[in-house]
Amino acid sequence: MSAVTFFTNPTEPRDLPGRVHLTMPAEIDFCNAADLLPLVLSAAGARGDRLEVLVLDLRATSFMDSQGIRLVNDVRRRLPPGAVVRLVAPPDGITNRVLELTGLRRDVPVYDDLTEALAA
């Protein structure tokens, strides 16, 4: 009997002027990070040159390894010029700790609140 793993895809982007909000899956690791990259870039690309802010919502993400960090960096590098990535993560969560330990928080703004990330 083989085990089948189903991965949660990012949610559909919310229709916000100049912004795309994606809720990321419960886990981001070597098993799904490579598959998430084209999904995130496709959602961001749907805005074309009008994209200003891509918000990756990590509030439901309870596990993220170095591949999650790589995913965020790959997304940052491939966004249109002038577009920025913002992250939302609970301050006391494991995901936030990973962002801090890897130093990604220095390069990507991390917000506790989704409304702030979308508005900033």
# chains A, B, ... in the order shown; residues from 1 in each chain; ligands from 1
>>> closest_atom_pairs(of="segment 1-88 of chain A", to="segment 98-107 of chain A", cutoff="12 Å", atoms="only C-alpha atoms", output="tab-separated table")
residue	atom	partner	partner_atom	distance
A:Ile28	CA	A:Val98	CA	11.6
A:Leu58	CA	A:Leu99	CA	10.8
A:Thr61	CA	A:Val98	CA	11.5
A:Ser62	CA	A:Val98	CA	10.8
A:Phe63	CA	A:Val98	CA	9.1
A:Met64	CA	A:Val98	CA	7.2
A:Asp65	CA	A:Val98	CA	7.4
A:Ser66	CA	A:Val98	CA	8.2
A:Gln67	CA	A:Val98	CA	11.0
A:Gly68	CA	A:Val98	CA	9.3
A:Ile69	CA	A:Leu104	CA	7.3
A:Arg70	CA	A:Leu104	CA	9.7
A:Leu71	CA	A:Leu104	CA	11.4
A:Val72	CA	A:Leu104	CA	8.8
A:Asn73	CA	A:Leu104	CA	8.4
A:Arg76	CA	A:Asp107	CA	9.8
A:Arg77	CA	A:Asp107	CA	11.9
A:Val84	CA	A:Asp107	CA	10.4
A:Val85	CA	A:Asp107	CA	9.6
A:Arg86	CA	A:Asp107	CA	9.8
A:Leu87	CA	A:Arg105	CA	9.1
A:Val88	CA	A:Leu99	CA	10.9
>>> closest_residue(among="A:Leu51, A:Leu41, A:Leu114, A:Ala26", to="Arg78 of chain A", atoms="only C-alpha atoms")
A:Leu41
>>> closest_residue(among="A:Ala117, A:Ala60, A:Pro109, A:Gly18", to="Ala46 of chain A", atoms="only C-alpha atoms")
A:Gly18
>>> select_by_dssp(residues="chain A", states="strand (DSSP E)", output="PDB file with all heavy atoms, in the first residue's frame")
ATOM      1  N   ARG A  19      -2.477  44.541  -5.464  1.00  0.00           N
ATOM      2  CA  ARG A  19      -2.023  43.581  -4.458  1.00  0.00           C
ATOM      3  C   ARG A  19      -2.566  42.182  -4.745  1.00  0.00           C
ATOM      4  O   ARG A  19      -3.656  42.037  -5.252  1.00  0.00           O
ATOM      5  CB  ARG A  19      -2.494  44.013  -3.067  1.00  0.00           C
ATOM      6  CG  ARG A  19      -1.711  45.195  -2.542  1.00  0.00           C
ATOM      7  CD  ARG A  19      -2.471  45.984  -1.523  1.00  0.00           C
ATOM      8  NE  ARG A  19      -1.686  46.971  -0.825  1.00  0.00           N
ATOM      9  CZ  ARG A  19      -1.051  47.988  -1.366  1.00  0.00           C
ATOM     10  NH1 ARG A  19      -1.029  48.132  -2.648  1.00  0.00           N
ATOM     11  NH2 ARG A  19      -0.394  48.854  -0.642  1.00  0.00           N
ATOM     12  N   VAL A  20      -1.771  41.201  -4.371  1.00  0.00           N
ATOM     13  CA  VAL A  20      -2.201  39.806  -4.428  1.00  0.00           C
ATOM     14  C   VAL A  20      -1.951  39.209  -3.060  1.00  0.00           C
ATOM     15  O   VAL A  20      -0.864  39.359  -2.498  1.00  0.00           O
ATOM     16  CB  VAL A  20      -1.429  39.017  -5.515  1.00  0.00           C
ATOM     17  CG1 VAL A  20      -1.758  37.542  -5.432  1.00  0.00           C
ATOM     18  CG2 VAL A  20      -1.746  39.564  -6.899  1.00  0.00           C
ATOM     19  N   HIS A  21      -2.970  38.554  -2.513  1.00  0.00           N
ATOM     20  CA  HIS A  21      -2.871  37.891  -1.215  1.00  0.00           C
ATOM     21  C   HIS A  21      -3.040  36.400  -1.432  1.00  0.00           C
ATOM     22  O   HIS A  21      -4.048  35.961  -1.992  1.00  0.00           O
ATOM     23  CB  HIS A  21      -3.966  38.420  -0.273  1.00  0.00           C
ATOM     24  CG  HIS A  21      -4.165  37.560   0.929  1.00  0.00           C
ATOM     25  ND1 HIS A  21      -5.379  37.026   1.263  1.00  0.00           N
ATOM     26  CD2 HIS A  21      -3.306  37.124   1.868  1.00  0.00           C
ATOM     27  CE1 HIS A  21      -5.263  36.315   2.355  1.00  0.00           C
ATOM     28  NE2 HIS A  21      -4.005  36.355   2.743  1.00  0.00           N
ATOM     29  N   LEU A  22      -2.053  35.621  -1.006  1.00  0.00           N
ATOM     30  CA  LEU A  22      -2.112  34.161  -1.121  1.00  0.00           C
ATOM     31  C   LEU A  22      -1.931  33.532   0.248  1.00  0.00           C
ATOM     32  O   LEU A  22      -0.975  33.852   0.957  1.00  0.00           O
ATOM     33  CB  LEU A  22      -1.011  33.647  -2.052  1.00  0.00           C
ATOM     34  CG  LEU A  22      -1.084  34.077  -3.505  1.00  0.00           C
ATOM     35  CD1 LEU A  22       0.162  33.637  -4.242  1.00  0.00           C
ATOM     36  CD2 LEU A  22      -2.327  33.509  -4.160  1.00  0.00           C
ATOM     37  N   THR A  23      -2.832  32.650   0.610  1.00  0.00           N
ATOM     38  CA  THR A  23      -2.682  31.882   1.837  1.00  0.00           C
ATOM     39  C   THR A  23      -1.867  30.639   1.511  1.00  0.00           C
ATOM     40  O   THR A  23      -2.240  29.866   0.627  1.00  0.00           O
ATOM     41  CB  THR A  23      -4.052  31.488   2.410  1.00  0.00           C
ATOM     42  OG1 THR A  23      -4.789  32.680   2.674  1.00  0.00           O
ATOM     43  CG2 THR A  23      -3.903  30.684   3.690  1.00  0.00           C
ATOM     44  N   GLU A  27       2.219  23.229   5.440  1.00  0.00           N
ATOM     45  CA  GLU A  27       3.640  22.883   5.450  1.00  0.00           C
ATOM     46  C   GLU A  27       4.280  23.330   4.146  1.00  0.00           C
ATOM     47  O   GLU A  27       3.694  23.169   3.077  1.00  0.00           O
ATOM     48  CB  GLU A  27       3.839  21.376   5.608  1.00  0.00           C
ATOM     49  CG  GLU A  27       3.354  20.849   6.939  1.00  0.00           C
ATOM     50  CD  GLU A  27       3.624  19.363   7.126  1.00  0.00           C
ATOM     51  OE1 GLU A  27       4.226  18.735   6.229  1.00  0.00           O
ATOM     52  OE2 GLU A  27       3.234  18.845   8.171  1.00  0.00           O
ATOM     53  N   ILE A  28       5.465  23.885   4.262  1.00  0.00           N
ATOM     54  CA  ILE A  28       6.256  24.228   3.086  1.00  0.00           C
ATOM     55  C   ILE A  28       7.629  23.611   3.299  1.00  0.00           C
ATOM     56  O   ILE A  28       8.367  24.006   4.200  1.00  0.00           O
ATOM     57  CB  ILE A  28       6.388  25.752   2.893  1.00  0.00           C
ATOM     58  CG1 ILE A  28       5.017  26.415   2.821  1.00  0.00           C
ATOM     59  CG2 ILE A  28       7.202  26.043   1.632  1.00  0.00           C
ATOM     60  CD1 ILE A  28       5.064  27.926   2.791  1.00  0.00           C
ATOM     61  N   VAL A  53       2.301  44.702  -4.626  1.00  0.00           N
ATOM     62  CA  VAL A  53       2.589  43.961  -3.395  1.00  0.00           C
ATOM     63  C   VAL A  53       2.041  42.543  -3.508  1.00  0.00           C
ATOM     64  O   VAL A  53       0.878  42.352  -3.857  1.00  0.00           O
ATOM     65  CB  VAL A  53       1.950  44.654  -2.173  1.00  0.00           C
ATOM     66  CG1 VAL A  53       2.182  43.846  -0.906  1.00  0.00           C
ATOM     67  CG2 VAL A  53       2.481  46.069  -2.011  1.00  0.00           C
ATOM     68  N   LEU A  54       2.883  41.573  -3.193  1.00  0.00           N
ATOM     69  CA  LEU A  54       2.464  40.180  -3.081  1.00  0.00           C
ATOM     70  C   LEU A  54       2.564  39.807  -1.610  1.00  0.00           C
ATOM     71  O   LEU A  54       3.653  39.855  -1.031  1.00  0.00           O
ATOM     72  CB  LEU A  54       3.364  39.270  -3.919  1.00  0.00           C
ATOM     73  CG  LEU A  54       3.151  37.772  -3.740  1.00  0.00           C
ATOM     74  CD1 LEU A  54       1.742  37.363  -4.175  1.00  0.00           C
ATOM     75  CD2 LEU A  54       4.194  36.996  -4.518  1.00  0.00           C
ATOM     76  N   VAL A  55       1.431  39.472  -1.007  1.00  0.00           N
ATOM     77  CA  VAL A  55       1.408  39.093   0.409  1.00  0.00           C
ATOM     78  C   VAL A  55       1.265  37.582   0.498  1.00  0.00           C
ATOM     79  O   VAL A  55       0.275  37.010   0.028  1.00  0.00           O
ATOM     80  CB  VAL A  55       0.248  39.787   1.163  1.00  0.00           C
ATOM     81  CG1 VAL A  55       0.195  39.306   2.603  1.00  0.00           C
ATOM     82  CG2 VAL A  55       0.407  41.302   1.105  1.00  0.00           C
ATOM     83  N   LEU A  56       2.267  36.944   1.075  1.00  0.00           N
ATOM     84  CA  LEU A  56       2.220  35.508   1.327  1.00  0.00           C
ATOM     85  C   LEU A  56       1.812  35.330   2.783  1.00  0.00           C
ATOM     86  O   LEU A  56       2.540  35.716   3.691  1.00  0.00           O
ATOM     87  CB  LEU A  56       3.575  34.861   1.048  1.00  0.00           C
ATOM     88  CG  LEU A  56       4.097  35.007  -0.376  1.00  0.00           C
ATOM     89  CD1 LEU A  56       5.449  34.326  -0.519  1.00  0.00           C
ATOM     90  CD2 LEU A  56       3.102  34.445  -1.387  1.00  0.00           C
ATOM     91  N   ASP A  57       0.656  34.754   2.973  1.00  0.00           N
ATOM     92  CA  ASP A  57       0.056  34.597   4.293  1.00  0.00           C
ATOM     93  C   ASP A  57       0.480  33.256   4.879  1.00  0.00           C
ATOM     94  O   ASP A  57       0.050  32.198   4.420  1.00  0.00           O
ATOM     95  CB  ASP A  57      -1.462  34.687   4.152  1.00  0.00           C
ATOM     96  CG  ASP A  57      -2.182  34.762   5.473  1.00  0.00           C
ATOM     97  OD1 ASP A  57      -1.589  34.409   6.511  1.00  0.00           O
ATOM     98  OD2 ASP A  57      -3.356  35.165   5.452  1.00  0.00           O
ATOM     99  N   PHE A  63       4.708  24.487   9.597  1.00  0.00           N
ATOM    100  CA  PHE A  63       6.064  23.959   9.401  1.00  0.00           C
ATOM    101  C   PHE A  63       6.627  24.542   8.114  1.00  0.00           C
ATOM    102  O   PHE A  63       5.961  24.570   7.079  1.00  0.00           O
ATOM    103  CB  PHE A  63       6.067  22.434   9.293  1.00  0.00           C
ATOM    104  CG  PHE A  63       7.443  21.884   9.036  1.00  0.00           C
ATOM    105  CD1 PHE A  63       8.348  21.739  10.075  1.00  0.00           C
ATOM    106  CD2 PHE A  63       7.841  21.552   7.755  1.00  0.00           C
ATOM    107  CE1 PHE A  63       9.634  21.264   9.831  1.00  0.00           C
ATOM    108  CE2 PHE A  63       9.115  21.076   7.501  1.00  0.00           C
ATOM    109  CZ  PHE A  63      10.014  20.930   8.545  1.00  0.00           C
ATOM    110  N   MET A  64       7.866  25.007   8.207  1.00  0.00           N
ATOM    111  CA  MET A  64       8.570  25.507   7.037  1.00  0.00           C
ATOM    112  C   MET A  64      10.051  25.249   7.241  1.00  0.00           C
ATOM    113  O   MET A  64      10.605  25.630   8.272  1.00  0.00           O
ATOM    114  CB  MET A  64       8.307  26.999   6.846  1.00  0.00           C
ATOM    115  CG  MET A  64       8.931  27.563   5.595  1.00  0.00           C
ATOM    116  SD  MET A  64       8.361  29.230   5.196  1.00  0.00           S
ATOM    117  CE  MET A  64       9.310  30.192   6.344  1.00  0.00           C
ATOM    118  N   VAL A  84       6.927  44.128  -4.510  1.00  0.00           N
ATOM    119  CA  VAL A  84       7.565  43.644  -3.288  1.00  0.00           C
ATOM    120  C   VAL A  84       6.768  42.494  -2.685  1.00  0.00           C
ATOM    121  O   VAL A  84       5.573  42.364  -2.910  1.00  0.00           O
ATOM    122  CB  VAL A  84       7.715  44.765  -2.230  1.00  0.00           C
ATOM    123  CG1 VAL A  84       8.633  45.858  -2.722  1.00  0.00           C
ATOM    124  CG2 VAL A  84       6.366  45.319  -1.831  1.00  0.00           C
ATOM    125  N   VAL A  85       7.470  41.675  -1.912  1.00  0.00           N
ATOM    126  CA  VAL A  85       6.856  40.580  -1.167  1.00  0.00           C
ATOM    127  C   VAL A  85       6.739  41.006   0.284  1.00  0.00           C
ATOM    128  O   VAL A  85       7.674  41.575   0.849  1.00  0.00           O
ATOM    129  CB  VAL A  85       7.694  39.287  -1.248  1.00  0.00           C
ATOM    130  CG1 VAL A  85       7.128  38.203  -0.352  1.00  0.00           C
ATOM    131  CG2 VAL A  85       7.798  38.796  -2.669  1.00  0.00           C
ATOM    132  N   ARG A  86       5.596  40.723   0.876  1.00  0.00           N
ATOM    133  CA  ARG A  86       5.388  40.896   2.312  1.00  0.00           C
ATOM    134  C   ARG A  86       4.872  39.578   2.853  1.00  0.00           C
ATOM    135  O   ARG A  86       4.138  38.864   2.174  1.00  0.00           O
ATOM    136  CB  ARG A  86       4.380  42.006   2.591  1.00  0.00           C
ATOM    137  CG  ARG A  86       4.878  43.357   2.159  1.00  0.00           C
ATOM    138  CD  ARG A  86       3.883  44.423   2.480  1.00  0.00           C
ATOM    139  NE  ARG A  86       4.362  45.707   1.991  1.00  0.00           N
ATOM    140  CZ  ARG A  86       3.566  46.696   1.663  1.00  0.00           C
ATOM    141  NH1 ARG A  86       2.262  46.573   1.796  1.00  0.00           N
ATOM    142  NH2 ARG A  86       4.059  47.826   1.218  1.00  0.00           N
ATOM    143  N   LEU A  87       5.260  39.266   4.067  1.00  0.00           N
ATOM    144  CA  LEU A  87       4.829  38.030   4.704  1.00  0.00           C
ATOM    145  C   LEU A  87       3.961  38.344   5.908  1.00  0.00           C
ATOM    146  O   LEU A  87       4.156  39.367   6.565  1.00  0.00           O
ATOM    147  CB  LEU A  87       6.047  37.216   5.153  1.00  0.00           C
ATOM    148  CG  LEU A  87       7.082  36.884   4.075  1.00  0.00           C
ATOM    149  CD1 LEU A  87       8.276  36.179   4.699  1.00  0.00           C
ATOM    150  CD2 LEU A  87       6.466  36.044   2.974  1.00  0.00           C
ATOM    151  N   VAL A  88       3.024  37.449   6.187  1.00  0.00           N
ATOM    152  CA  VAL A  88       2.220  37.529   7.401  1.00  0.00           C
ATOM    153  C   VAL A  88       2.464  36.237   8.158  1.00  0.00           C
ATOM    154  O   VAL A  88       2.296  35.147   7.608  1.00  0.00           O
ATOM    155  CB  VAL A  88       0.713  37.680   7.095  1.00  0.00           C
ATOM    156  CG1 VAL A  88      -0.084  37.750   8.378  1.00  0.00           C
ATOM    157  CG2 VAL A  88       0.452  38.898   6.236  1.00  0.00           C
ATOM    158  N   VAL A 110       7.845  41.346   7.580  1.00  0.00           N
ATOM    159  CA  VAL A 110       6.957  40.338   8.159  1.00  0.00           C
ATOM    160  C   VAL A 110       5.985  41.062   9.090  1.00  0.00           C
ATOM    161  O   VAL A 110       6.401  41.818   9.968  1.00  0.00           O
ATOM    162  CB  VAL A 110       7.745  39.267   8.949  1.00  0.00           C
ATOM    163  CG1 VAL A 110       6.790  38.239   9.542  1.00  0.00           C
ATOM    164  CG2 VAL A 110       8.771  38.592   8.047  1.00  0.00           C
ATOM    165  N   TYR A 111       4.708  40.820   8.876  1.00  0.00           N
ATOM    166  CA  TYR A 111       3.657  41.465   9.647  1.00  0.00           C
ATOM    167  C   TYR A 111       2.922  40.424  10.485  1.00  0.00           C
ATOM    168  O   TYR A 111       2.807  39.263  10.089  1.00  0.00           O
ATOM    169  CB  TYR A 111       2.649  42.145   8.711  1.00  0.00           C
ATOM    170  CG  TYR A 111       3.250  43.279   7.933  1.00  0.00           C
ATOM    171  CD1 TYR A 111       3.965  43.047   6.756  1.00  0.00           C
ATOM    172  CD2 TYR A 111       3.119  44.589   8.366  1.00  0.00           C
ATOM    173  CE1 TYR A 111       4.521  44.090   6.043  1.00  0.00           C
ATOM    174  CE2 TYR A 111       3.670  45.645   7.654  1.00  0.00           C
ATOM    175  CZ  TYR A 111       4.376  45.382   6.491  1.00  0.00           C
ATOM    176  OH  TYR A 111       4.932  46.415   5.791  1.00  0.00           O
TER     177      TYR A 111
END
>>> closest_residue(among="A:Asp35, A:Asp112, A:Asp29, A:Glu52", to="Gly82 of chain A", atoms="only C-alpha atoms")
A:Glu52
>>> select_by_dssp(residues="chain A", states="helix (DSSP H, G or I)", output="PyMOL selection string")
chain A and resi 33-45+48-50+66-78+94-102+104-107+114-119
>>> closest_residue(among="A:Met24, A:Ala33, A:Val108, A:Val40", to="Val75 of chain A", atoms="only C-alpha atoms")
A:Val40
>>> closest_residue(among="A:Asp74, A:Arg59, A:Gly45, A:Asp113", to="Ile94 of chain A", atoms="only C-alpha atoms")
A:Arg59
>>> atom_distance(atom1="atom CA of Phe30 of chain A", atom2="atom CA of Arg47 of chain A")
27.8 Å
>>> decode(residues="segment 98-110 of chain A", atoms="all heavy atoms", output="PDB file, in the first residue's frame")
ATOM      1  N   VAL A  98      11.641  30.576  12.059  1.00  0.00           N
ATOM      2  CA  VAL A  98      12.474  30.188  10.913  1.00  0.00           C
ATOM      3  C   VAL A  98      12.883  31.426  10.116  1.00  0.00           C
ATOM      4  O   VAL A  98      14.041  31.562   9.709  1.00  0.00           O
ATOM      5  CB  VAL A  98      11.731  29.170  10.010  1.00  0.00           C
ATOM      6  CG1 VAL A  98      12.468  28.944   8.701  1.00  0.00           C
ATOM      7  CG2 VAL A  98      11.534  27.856  10.745  1.00  0.00           C
ATOM      8  N   LEU A  99      11.954  32.350   9.925  1.00  0.00           N
ATOM      9  CA  LEU A  99      12.260  33.593   9.205  1.00  0.00           C
ATOM     10  C   LEU A  99      13.327  34.393   9.933  1.00  0.00           C
ATOM     11  O   LEU A  99      14.211  34.985   9.312  1.00  0.00           O
ATOM     12  CB  LEU A  99      10.992  34.431   9.046  1.00  0.00           C
ATOM     13  CG  LEU A  99       9.878  33.812   8.202  1.00  0.00           C
ATOM     14  CD1 LEU A  99       8.604  34.625   8.339  1.00  0.00           C
ATOM     15  CD2 LEU A  99      10.300  33.670   6.753  1.00  0.00           C
ATOM     16  N   GLU A 100      13.253  34.382  11.251  1.00  0.00           N
ATOM     17  CA  GLU A 100      14.232  35.110  12.058  1.00  0.00           C
ATOM     18  C   GLU A 100      15.599  34.434  12.025  1.00  0.00           C
ATOM     19  O   GLU A 100      16.633  35.087  11.815  1.00  0.00           O
ATOM     20  CB  GLU A 100      13.735  35.200  13.496  1.00  0.00           C
ATOM     21  CG  GLU A 100      14.602  36.036  14.395  1.00  0.00           C
ATOM     22  CD  GLU A 100      14.026  36.132  15.797  1.00  0.00           C
ATOM     23  OE1 GLU A 100      12.795  36.235  15.938  1.00  0.00           O
ATOM     24  OE2 GLU A 100      14.823  36.083  16.742  1.00  0.00           O
ATOM     25  N   LEU A 101      15.632  33.126  12.223  1.00  0.00           N
ATOM     26  CA  LEU A 101      16.904  32.392  12.268  1.00  0.00           C
ATOM     27  C   LEU A 101      17.667  32.444  10.946  1.00  0.00           C
ATOM     28  O   LEU A 101      18.896  32.463  10.933  1.00  0.00           O
ATOM     29  CB  LEU A 101      16.667  30.940  12.672  1.00  0.00           C
ATOM     30  CG  LEU A 101      16.284  30.713  14.124  1.00  0.00           C
ATOM     31  CD1 LEU A 101      15.890  29.261  14.348  1.00  0.00           C
ATOM     32  CD2 LEU A 101      17.429  31.096  15.046  1.00  0.00           C
ATOM     33  N   THR A 102      16.939  32.442   9.851  1.00  0.00           N
ATOM     34  CA  THR A 102      17.591  32.451   8.536  1.00  0.00           C
ATOM     35  C   THR A 102      17.962  33.850   8.080  1.00  0.00           C
ATOM     36  O   THR A 102      18.678  34.008   7.095  1.00  0.00           O
ATOM     37  CB  THR A 102      16.684  31.811   7.478  1.00  0.00           C
ATOM     38  OG1 THR A 102      15.467  32.556   7.403  1.00  0.00           O
ATOM     39  CG2 THR A 102      16.416  30.353   7.791  1.00  0.00           C
ATOM     40  N   GLY A 103      17.481  34.866   8.785  1.00  0.00           N
ATOM     41  CA  GLY A 103      17.793  36.240   8.418  1.00  0.00           C
ATOM     42  C   GLY A 103      16.881  36.812   7.346  1.00  0.00           C
ATOM     43  O   GLY A 103      17.081  37.943   6.906  1.00  0.00           O
ATOM     44  N   LEU A 104      15.885  36.073   6.908  1.00  0.00           N
ATOM     45  CA  LEU A 104      14.997  36.561   5.863  1.00  0.00           C
ATOM     46  C   LEU A 104      14.205  37.787   6.310  1.00  0.00           C
ATOM     47  O   LEU A 104      13.868  38.643   5.495  1.00  0.00           O
ATOM     48  CB  LEU A 104      14.051  35.455   5.390  1.00  0.00           C
ATOM     49  CG  LEU A 104      13.226  35.787   4.151  1.00  0.00           C
ATOM     50  CD1 LEU A 104      14.134  36.008   2.943  1.00  0.00           C
ATOM     51  CD2 LEU A 104      12.231  34.685   3.857  1.00  0.00           C
ATOM     52  N   ARG A 105      13.963  37.889   7.606  1.00  0.00           N
ATOM     53  CA  ARG A 105      13.223  39.053   8.124  1.00  0.00           C
ATOM     54  C   ARG A 105      13.937  40.371   7.834  1.00  0.00           C
ATOM     55  O   ARG A 105      13.310  41.422   7.786  1.00  0.00           O
ATOM     56  CB  ARG A 105      13.010  38.922   9.626  1.00  0.00           C
ATOM     57  CG  ARG A 105      12.017  37.863  10.029  1.00  0.00           C
ATOM     58  CD  ARG A 105      11.827  37.886  11.524  1.00  0.00           C
ATOM     59  NE  ARG A 105      11.230  39.151  11.922  1.00  0.00           N
ATOM     60  CZ  ARG A 105       9.949  39.318  12.213  1.00  0.00           C
ATOM     61  NH1 ARG A 105       9.136  38.292  12.175  1.00  0.00           N
ATOM     62  NH2 ARG A 105       9.486  40.501  12.549  1.00  0.00           N
ATOM     63  N   ARG A 106      15.247  40.330   7.649  1.00  0.00           N
ATOM     64  CA  ARG A 106      15.987  41.552   7.303  1.00  0.00           C
ATOM     65  C   ARG A 106      15.634  42.041   5.909  1.00  0.00           C
ATOM     66  O   ARG A 106      15.716  43.221   5.622  1.00  0.00           O
ATOM     67  CB  ARG A 106      17.490  41.300   7.370  1.00  0.00           C
ATOM     68  CG  ARG A 106      18.044  41.113   8.751  1.00  0.00           C
ATOM     69  CD  ARG A 106      19.555  41.010   8.689  1.00  0.00           C
ATOM     70  NE  ARG A 106      19.996  40.034   7.699  1.00  0.00           N
ATOM     71  CZ  ARG A 106      20.577  38.872   7.983  1.00  0.00           C
ATOM     72  NH1 ARG A 106      20.821  38.547   9.219  1.00  0.00           N
ATOM     73  NH2 ARG A 106      20.941  38.058   7.029  1.00  0.00           N
ATOM     74  N   ASP A 107      15.301  41.113   5.015  1.00  0.00           N
ATOM     75  CA  ASP A 107      15.081  41.439   3.612  1.00  0.00           C
ATOM     76  C   ASP A 107      13.610  41.525   3.210  1.00  0.00           C
ATOM     77  O   ASP A 107      13.290  42.158   2.208  1.00  0.00           O
ATOM     78  CB  ASP A 107      15.759  40.392   2.725  1.00  0.00           C
ATOM     79  CG  ASP A 107      17.254  40.307   2.978  1.00  0.00           C
ATOM     80  OD1 ASP A 107      17.868  41.352   3.257  1.00  0.00           O
ATOM     81  OD2 ASP A 107      17.794  39.193   2.905  1.00  0.00           O
ATOM     82  N   VAL A 108      12.755  40.859   3.957  1.00  0.00           N
ATOM     83  CA  VAL A 108      11.327  40.809   3.623  1.00  0.00           C
ATOM     84  C   VAL A 108      10.533  41.241   4.841  1.00  0.00           C
ATOM     85  O   VAL A 108      10.689  40.665   5.916  1.00  0.00           O
ATOM     86  CB  VAL A 108      10.902  39.379   3.205  1.00  0.00           C
ATOM     87  CG1 VAL A 108       9.422  39.324   2.878  1.00  0.00           C
ATOM     88  CG2 VAL A 108      11.730  38.897   2.021  1.00  0.00           C
ATOM     89  N   PRO A 109       9.668  42.244   4.681  1.00  0.00           N
ATOM     90  CA  PRO A 109       8.850  42.670   5.823  1.00  0.00           C
ATOM     91  C   PRO A 109       7.908  41.556   6.275  1.00  0.00           C
ATOM     92  O   PRO A 109       7.279  40.898   5.457  1.00  0.00           O
ATOM     93  CB  PRO A 109       8.053  43.857   5.285  1.00  0.00           C
ATOM     94  CG  PRO A 109       8.697  44.247   4.005  1.00  0.00           C
ATOM     95  CD  PRO A 109       9.442  43.058   3.498  1.00  0.00           C
ATOM     96  N   VAL A 110       7.845  41.346   7.580  1.00  0.00           N
ATOM     97  CA  VAL A 110       6.957  40.338   8.159  1.00  0.00           C
ATOM     98  C   VAL A 110       5.985  41.062   9.090  1.00  0.00           C
ATOM     99  O   VAL A 110       6.401  41.818   9.968  1.00  0.00           O
ATOM    100  CB  VAL A 110       7.745  39.267   8.949  1.00  0.00           C
ATOM    101  CG1 VAL A 110       6.790  38.239   9.542  1.00  0.00           C
ATOM    102  CG2 VAL A 110       8.771  38.592   8.047  1.00  0.00           C
TER     103      VAL A 110
END
